[in-house]
Structure formats: structure tokens, C-alpha cells
Amino acid sequence: MSDTPRANRFGLVLFAVYCVSYATFVLVAAFGTFENGVAKGGLARTVEGLPFGVSAGVSWGILGGFGLIIGAFLLALVYAVFARDGGGDA
Amino acid sequence: MIYETSSLAIAVFAAFVGAVLALSFWLGSRAKSAGGYFAAHGQVGWFVNGIAFAGDYLSAASFLGICGMIAFFGYDGFLYSIGYLAGWIVALFVIAEPVKRLGKYTLADALNARFQSRGLKLVAAIATLVISLFYLIPQMVGAGALVKPLLGLPHWAGVAMVGVVVTVIVATAGMVSTTWVQFIKGTLLVIVCTIVVGLILNRGFKVPTIAIPSSAVATLSVKPDGTLVNGLPLSTTNQLDSQLRAEYGTGFGSVAALPEGAQASGPLGPISYLTTFAGSTVTTWKKASDGAGTTSFTPVERKGSDLLLPGANPTFKGVRDDRWVAKLDFLSLMLALFLGTASLPHILIRYYTVKDAASARKSTVVGIGAIGAFYVLTLYLGIGAMTSGALDPTDSNMSAPLLAKTFGDALFAVISAVAFTTVLGTVSGLILAGAGAVAHDLLKDVFQMKLDDRGQVRAAKIASFVLGLGAVMLGILFERLNVTFLVGWAFNVAASANLPALVMLLFWKRTTKEGIIAAMSVGLVSSLAWILGSADTLEKVFGYPAAEAAASAIVPFSQPAILTVPLGFLTLVIVSLLTTNSSQRDERAARV
């Protein structure tokens, strides 16, 4: 149906990237963090080995959460800068 | 002291509300036509619209509800922040630009652009009304919660105040005044919360001089109207935490031990604040009720690192369960938050206020920036409240304003006024979305009443009065529920009813009007029915004891999206395939 405008392809690629990140985070929270009600890994693990020491001692739960929020903004910026105007029926 | 009215607070509050109303009246003189009333003539600049998105979206649920949930349960509240923000990605990359190109004033316009079907308009308008009303309840509950401590008024008075003010805003100038109220509120909310977080980091953590033993029990007798404490009237000298303060020098919510036995942390940075908290032990309060009006709160010490993980809240406790069935509530809610944002009518109609798809895109980026910044702050606000010694253990929604009060009355007044403006901004958007659905979709298109431009605006104004009244009644009825919890349900319903239709209309050429009508009806009815039959509804709405609610529930978990969204897609595909031929005939006939 040519008369229905479509989201542009570049946006859909960025969307897929974010979907995978979000799904990973949710699945790790649900299936990878607790065993018998006790935190054993996943979001409970402390982040190590990231550059500039920014992660100093925080857990993957915090880094993942902030990452998804700040990452959404960065993807949106990339999209705003590079998406073509009118960008519809690509 | 938890609650005490102050004249400064009342003055600041009155000034805020007065200024917002004055602005609304002034702008009202400039919007007479339907295009002005429903879509601000499509002339709102992308930056203003972006901040107005934040003002529209960051509702009482975000500000009061999330802060309260983090203050009571830790990370679980932050999961809502993550999910709410992630939903904007769906809006930006998939829904926003096509919806902008397809529609005029309402969501039904966009869905119906190809079909010109009255049936489709009817279903879309009903979905808009149901979702907006669902979303309105927590906003009104939040308003009531705010006015109680600030002005010393009962819950119903706060709810009624919001109802009156918002109806005036919407009835005077529709989208024009609503946009500016939302812009002001969005700006204020982010700035004021940044200031509070700065103060929280500067204060750091402090251990009370006398430790609270686990044998300390604060027993509270609550009358049905919630005003009596310990059998005596609530007053400045008889507060819920008076006894606790007299004995231990702190109210509810404090740090029991800091890392390495320190007594105070001193000022902390954004990262060290979280790592210090993770290494600390915190005194939280466990609530128990004997069913006869007596509620007791017992101190429970919990590790900060544990509070920074999901699963402490009853809604999310399944995350810590090894059975995958128990995890479905969590997975379903995270799906609903992700898919719900782009399905909310009051958010989608903001796209009609900018001039083109490029502006729609740019304003979404600005919106995501402002909303994301706020959601990062919620974690600090929540933890700050959890350790402020100023919690009201009976009302999680008051955590953020009470936290502000620990920094002085002036900040409390400003935060409460901003929170009230927060409610105003979101409720205006919701009522406008509902009024548009009634006047533009139902009366003009479905019932084919002969309404000119002015007639449509008049009908929308009458509808906004009726919706405002309905919202007030619901707000009074649902006083005791955490507002974020309620909004979670609205997201479930929105995602189930609207998302399959929106996505398939944009991406599947064989979608028919019958398919959309069926998918929206099935999504709406199935998600509502699921919620009604859930243990959470029985417990939190109908007041069943938890065990009995779990036993009587018809459905195995409470958040329906994980089933009802795929059901919507499935319905749409099957019905579209079955009706392809008749639909093509209709379209050919329409072209001829």
C-alpha cells in the first residue's frame, strides 16, 4: 500500500539495536540474576574493566539501567542528525 | 514531623497555580477554531513541543509514584523509569513520523486515514477514552496525596481542585494552553529535581545516633478516613513518627550502618553515592495489617546492594523465584512499558501540534533528553527519600515531597507546587485527548452530527467538563493505590488495544479495517478483563487479604500485555486475511 507512510529504514535499524539491548537487560534480570532467591550474578555482578574507572564499583543493574536511559538519548541524537528529512518511503 | 501546613507553602502553591491559570486564560483568547483547539494550529515549535512531551509524559506516576516505589522497595521503582523511557524508542523510530503524516487531530484519524470507516472510528475513540480514563485515575490520586500535607486539606479536596483547574485550562484554550502548561511543568520538574539531587549528594548518608532495634514496632490505628493516629487526632504534635523521633532521633527510613563503620559519609559524587549505598545497611519498615484497622510497621534491616536489585516489591517478587511462571508478571510489565508509550493517545496527539514529520522527530529527541535526564534523577531521589528519615510509611506517593521537606519548607513548597503542576499538565493532556475523541471522532464522524468548527470546539469543551467530573470521582474512589502501579495497568491496556493496529497498519499491506476493529476490540476487552480478574485487583482495589486474593484470582499473573499484545496481532492477521476480498471491494468502490 503505497499511500501509507512508513517509518524509515535507518530508524528501524536503530530500533532493532535498542530492542536487543532492552530484551537482554530484561532477560538477564529475570533469568540470570537470582538462584533460589539469592543474587548470584547478572545484574548483581560488579562492573569491572571499563575504561576511565567510570564504573568504579557499581553493579550491572545500575550500569544497565543508566545505559538504557542514556543510550536511548544517544540513539535518538544519531537518528536526528543522520535521518533524511521526509525520510518516509525508503 | 511528617505533615504540617505552612503559610509559605500555601503562598508558593497559590502563586504557581495562579500563574498557570492566568497563562491559560491569556492563551485561550487566541485559539477559537477546531485546528487551534485540538492541535494548536500545528504551529508549536519543535523544542517547545519536545519539552511539552516531557510535561505531558512525566506524570504524577513518574514523579510521585516512582520516587515512592524506589524509597520503599529500591530498584523495582527504577525498573519503571527504564521501561517508561525505553517506550520512547518505539515512538521515535516506528510510530511518530507515520502517525504525524496520517492524522489530523486524534489517534482515530491516523488509524482511519485509509479506510474512512465509522466502525473503526468508534472503536478507536472508545479505546482512547478507556485508556485516558485509566491513566487519569493515578493522576487524580496523586493530586489528592499532594494537597493533604501541603494545604491540610482532605484527599477529596485535592482531587476536586485538580479537576476544576484542569477543566478550566482545557475548556479555555485546548491544546494551546495545554502545551504551555506542559512546557512550564516539564522545565520546572527537571530543574527542581536536579537541584534536589544536588542537595542529596551534598548531604550524603548519616547513621542515627541511636540504632533502631528490630523489636521497635510502630503500631498505628487508622480509621477509615485515615486521619487518626494512635487513637488521637493527627496534629503537629501527634504524628505517626513522633514516638520514633522521640526515642531514636529519626523518622521512618534511615541508614543503619555505613561501609567501614563510618557515622557519616559527607558529600558524595553521583557514582560514589550509589556505591556507598550498596555497601550500607538500611532500615526499612515492613507493614502488617490485622484486618481490623490496626496497621503495624516493623523495622527490617536490608543491605543496600540487595535494594539495588529487582524483586523487593510484591509486583516483581517473581524475579527472585526459580519458576519461570512466577517471572511472567515482571516480563509482561516490562513489555507493556516498552510498547505502551507509543500507544498512548494523549502522547500521540502532541505530534499533531508540530508542522511536519521532521519537527515531530526533533521534538521527540528533545523529549527523550528531558525525560531521560529526569529518570536518571529518580534513582537518587528515591534513595535520598529512603534514607531521609522522613518517609510516611502509609503513603509511598508522598516520599518525594517529604524528602524535599528535609531540606526546608521553601523547597517542600516548590516541590509540591511543581508536583501539582505536574498533575495539571498530564491531566490536561488526557482530558484533551478524551474530549477530542468525543467531539471529533464520536459526535462528528461516528454519529455524523452536523458540527462546524465552532460546534466541534463547543462539544469538546462540554466533553472535557464531563471527563473532568468522572476523573474526580475515580480519583476519590481509588485513594489508596500507588500511582505508578495504576499507570502500569494503563500501559498494558494501551499496548494491547492500540499497538497491534498501529504497527500492522504501517507495516502490513494486507491489513483491513475489519482486522483493525477486531484487534483493537480484542486487545482492549481482553486486557481489561485480565486485569479485573487478577490477584492484584482483588487485593488492591477490592481489599481482599493477599492470600485470599491469590486464591480467588481467575488469571495466573496480573500484567496481561505478554499475552494480550500477541493476541491483538494474531486477531488482526486472521481477521484481515478472512476479510481481504470484501475490503478490497470497499476500497475500489470508495475510489470509484
# chains A, B, ... in the order shown; residues from 1 in each chain; ligands from 1
call {"tool": "residues_around", "arguments": {"residues": "Thr511 of chain B", "least_positions_apart": "5", "cutoff": "8 Å", "atoms": "only C-alpha atoms", "output": "ChimeraX atom specification"}}
result
/B:504-505,516,572-573,576-577,580
call {"tool": "write_last_selection", "arguments": {"atoms": "N, CA and C atoms", "output": "CSV table (one decimal), in the first residue's frame"}}
result
chain,number,residue,atom,x,y,z
B,504,MET,N,0.7,-2.8,12.5
B,504,MET,CA,0.3,-3.5,11.3
B,504,MET,C,-0.2,-2.6,10.2
B,505,LEU,N,-0.9,-1.5,10.6
B,505,LEU,CA,-1.3,-0.5,9.6
B,505,LEU,C,-0.1,0.0,8.8
B,516,ILE,N,-8.4,-4.3,11.9
B,516,ILE,CA,-8.1,-3.3,12.9
B,516,ILE,C,-9.2,-3.3,14.0
B,572,LEU,N,-5.6,-9.5,14.4
B,572,LEU,CA,-5.6,-8.6,13.3
B,572,LEU,C,-5.2,-9.4,12.0
B,573,VAL,N,-4.3,-10.3,12.1
B,573,VAL,CA,-3.8,-11.0,10.9
B,573,VAL,C,-4.9,-12.0,10.4
B,576,SER,N,-7.9,-10.0,9.1
B,576,SER,CA,-7.6,-9.3,7.8
B,576,SER,C,-7.5,-10.3,6.7
B,577,LEU,N,-7.0,-11.5,6.9
B,577,LEU,CA,-6.9,-12.5,5.9
B,577,LEU,C,-8.3,-12.9,5.4
B,580,THR,N,-10.0,-9.9,3.4
B,580,THR,CA,-9.3,-9.2,2.3
B,580,THR,C,-10.1,-8.8,1.1
call {"tool": "residues_around", "arguments": {"residues": "Gln456 of chain B", "least_positions_apart": "6", "cutoff": "8 Å", "atoms": "only C-alpha atoms", "output": "count of residues only"}}
result
4
call {"tool": "residues_around", "arguments": {"residues": "segment 31-45 of chain A", "least_positions_apart": "4", "cutoff": "7 Å", "atoms": "only C-alpha atoms", "output": "PDB file with C-alpha atoms, in the first residue's frame"}}
result
ATOM      1  CA  LEU A  27      16.045 -11.354  30.404  1.00  0.00           C
ATOM      2  CA  SER A  59      26.633  -3.166  39.675  1.00  0.00           C
ATOM      3  CA  TRP A  60      25.454  -4.188  36.204  1.00  0.00           C
ATOM      4  CA  GLY A  61      21.940  -3.371  37.404  1.00  0.00           C
TER       5      GLY A  61
ATOM      6  CA  LEU B 309      18.352  -5.365  42.652  1.00  0.00           C
ATOM      7  CA  ARG B 320      13.631 -13.964  42.589  1.00  0.00           C
ATOM      8  CA  ASP B 321      11.566 -17.096  42.133  1.00  0.00           C
ATOM      9  CA  ASP B 322      13.110 -20.033  40.251  1.00  0.00           C
TER      10      ASP B 322
END
call {"tool": "residues_around", "arguments": {"residues": "segment 566-571 of chain B", "least_positions_apart": "6", "cutoff": "6 Å", "atoms": "only C-alpha atoms", "output": "ChimeraX atom specification"}}
result
/B:500,519,523
call {"tool": "residues_around", "arguments": {"residues": "Val319 of chain B", "least_positions_apart": "5", "cutoff": "9 Å", "atoms": "only C-alpha atoms", "output": "PyMOL selection string"}}
result
(chain A and resi 29-31+33-34+37) or (chain B and resi 310-311+324+326-331)
call {"tool": "atom_distance", "arguments": {"atom1": "atom CA of Ile95 of chain B", "atom2": "atom CA of Trp46 of chain B"}}
result
17.1 Å
call {"tool": "atom_distance", "arguments": {"atom1": "atom CA of Thr394 of chain B", "atom2": "atom CA of Asp241 of chain B"}}
result
11.0 Å
call {"tool": "closest_atom_pairs", "arguments": {"of": "segment 7-87 of chain A", "to": "segment 335-351 of chain B", "cutoff": "10 Å", "atoms": "only C-alpha atoms", "output": "tab-separated table"}}
result
residue	atom	partner	partner_atom	distance
A:Cys19	CA	B:Phe338	CA	9.3
A:Tyr22	CA	B:Phe338	CA	8.9
A:Ala23	CA	B:Leu335	CA	9.0
A:Val26	CA	B:Leu335	CA	9.2
call {"tool": "write_last_selection", "arguments": {"atoms": "C-alpha atoms", "output": "compact mmCIF listing (two decimals), in the first residue's frame"}}
result
# COMPACT_ATOMS: atom_id res chain seq x y z
CA CYS A 19 15.29 -3.79 21.24
CA TYR A 22 16.43 -3.85 26.29
CA ALA A 23 15.50 -7.51 25.87
CA VAL A 26 15.12 -7.70 31.00
call {"tool": "residues_around", "arguments": {"residues": "Gly65 of chain A", "least_positions_apart": "5", "cutoff": "8 Å", "atoms": "only C-alpha atoms", "output": "mmCIF file with C-alpha atoms, in the first residue's frame"}}
result
data_model
loop_
_atom_site.group_PDB
_atom_site.id
_atom_site.type_symbol
_atom_site.label_atom_id
_atom_site.label_comp_id
_atom_site.auth_asym_id
_atom_site.auth_seq_id
_atom_site.Cartn_x
_atom_site.Cartn_y
_atom_site.Cartn_z
ATOM 1 C CA PHE B 78 13.778 2.305 38.825
ATOM 2 C CA LEU B 79 12.653 -0.503 36.506
ATOM 3 C CA ILE B 82 13.864 2.316 32.467
#
call {"tool": "atom_distance", "arguments": {"atom1": "atom CA of Val165 of chain B", "atom2": "atom CA of Leu424 of chain B"}}
result
7.6 Å
call {"tool": "closest_residue", "arguments": {"among": "B:Val414, B:Val365, B:Ala535, B:Ile517", "to": "Phe93 of chain B", "atoms": "only C-alpha atoms"}}
result
B:Val365
call {"tool": "closest_residue", "arguments": {"among": "A:Ile69, A:Leu63, A:Val13, A:Val20", "to": "chain B", "atoms": "only C-alpha atoms"}}
result
A:Ile69
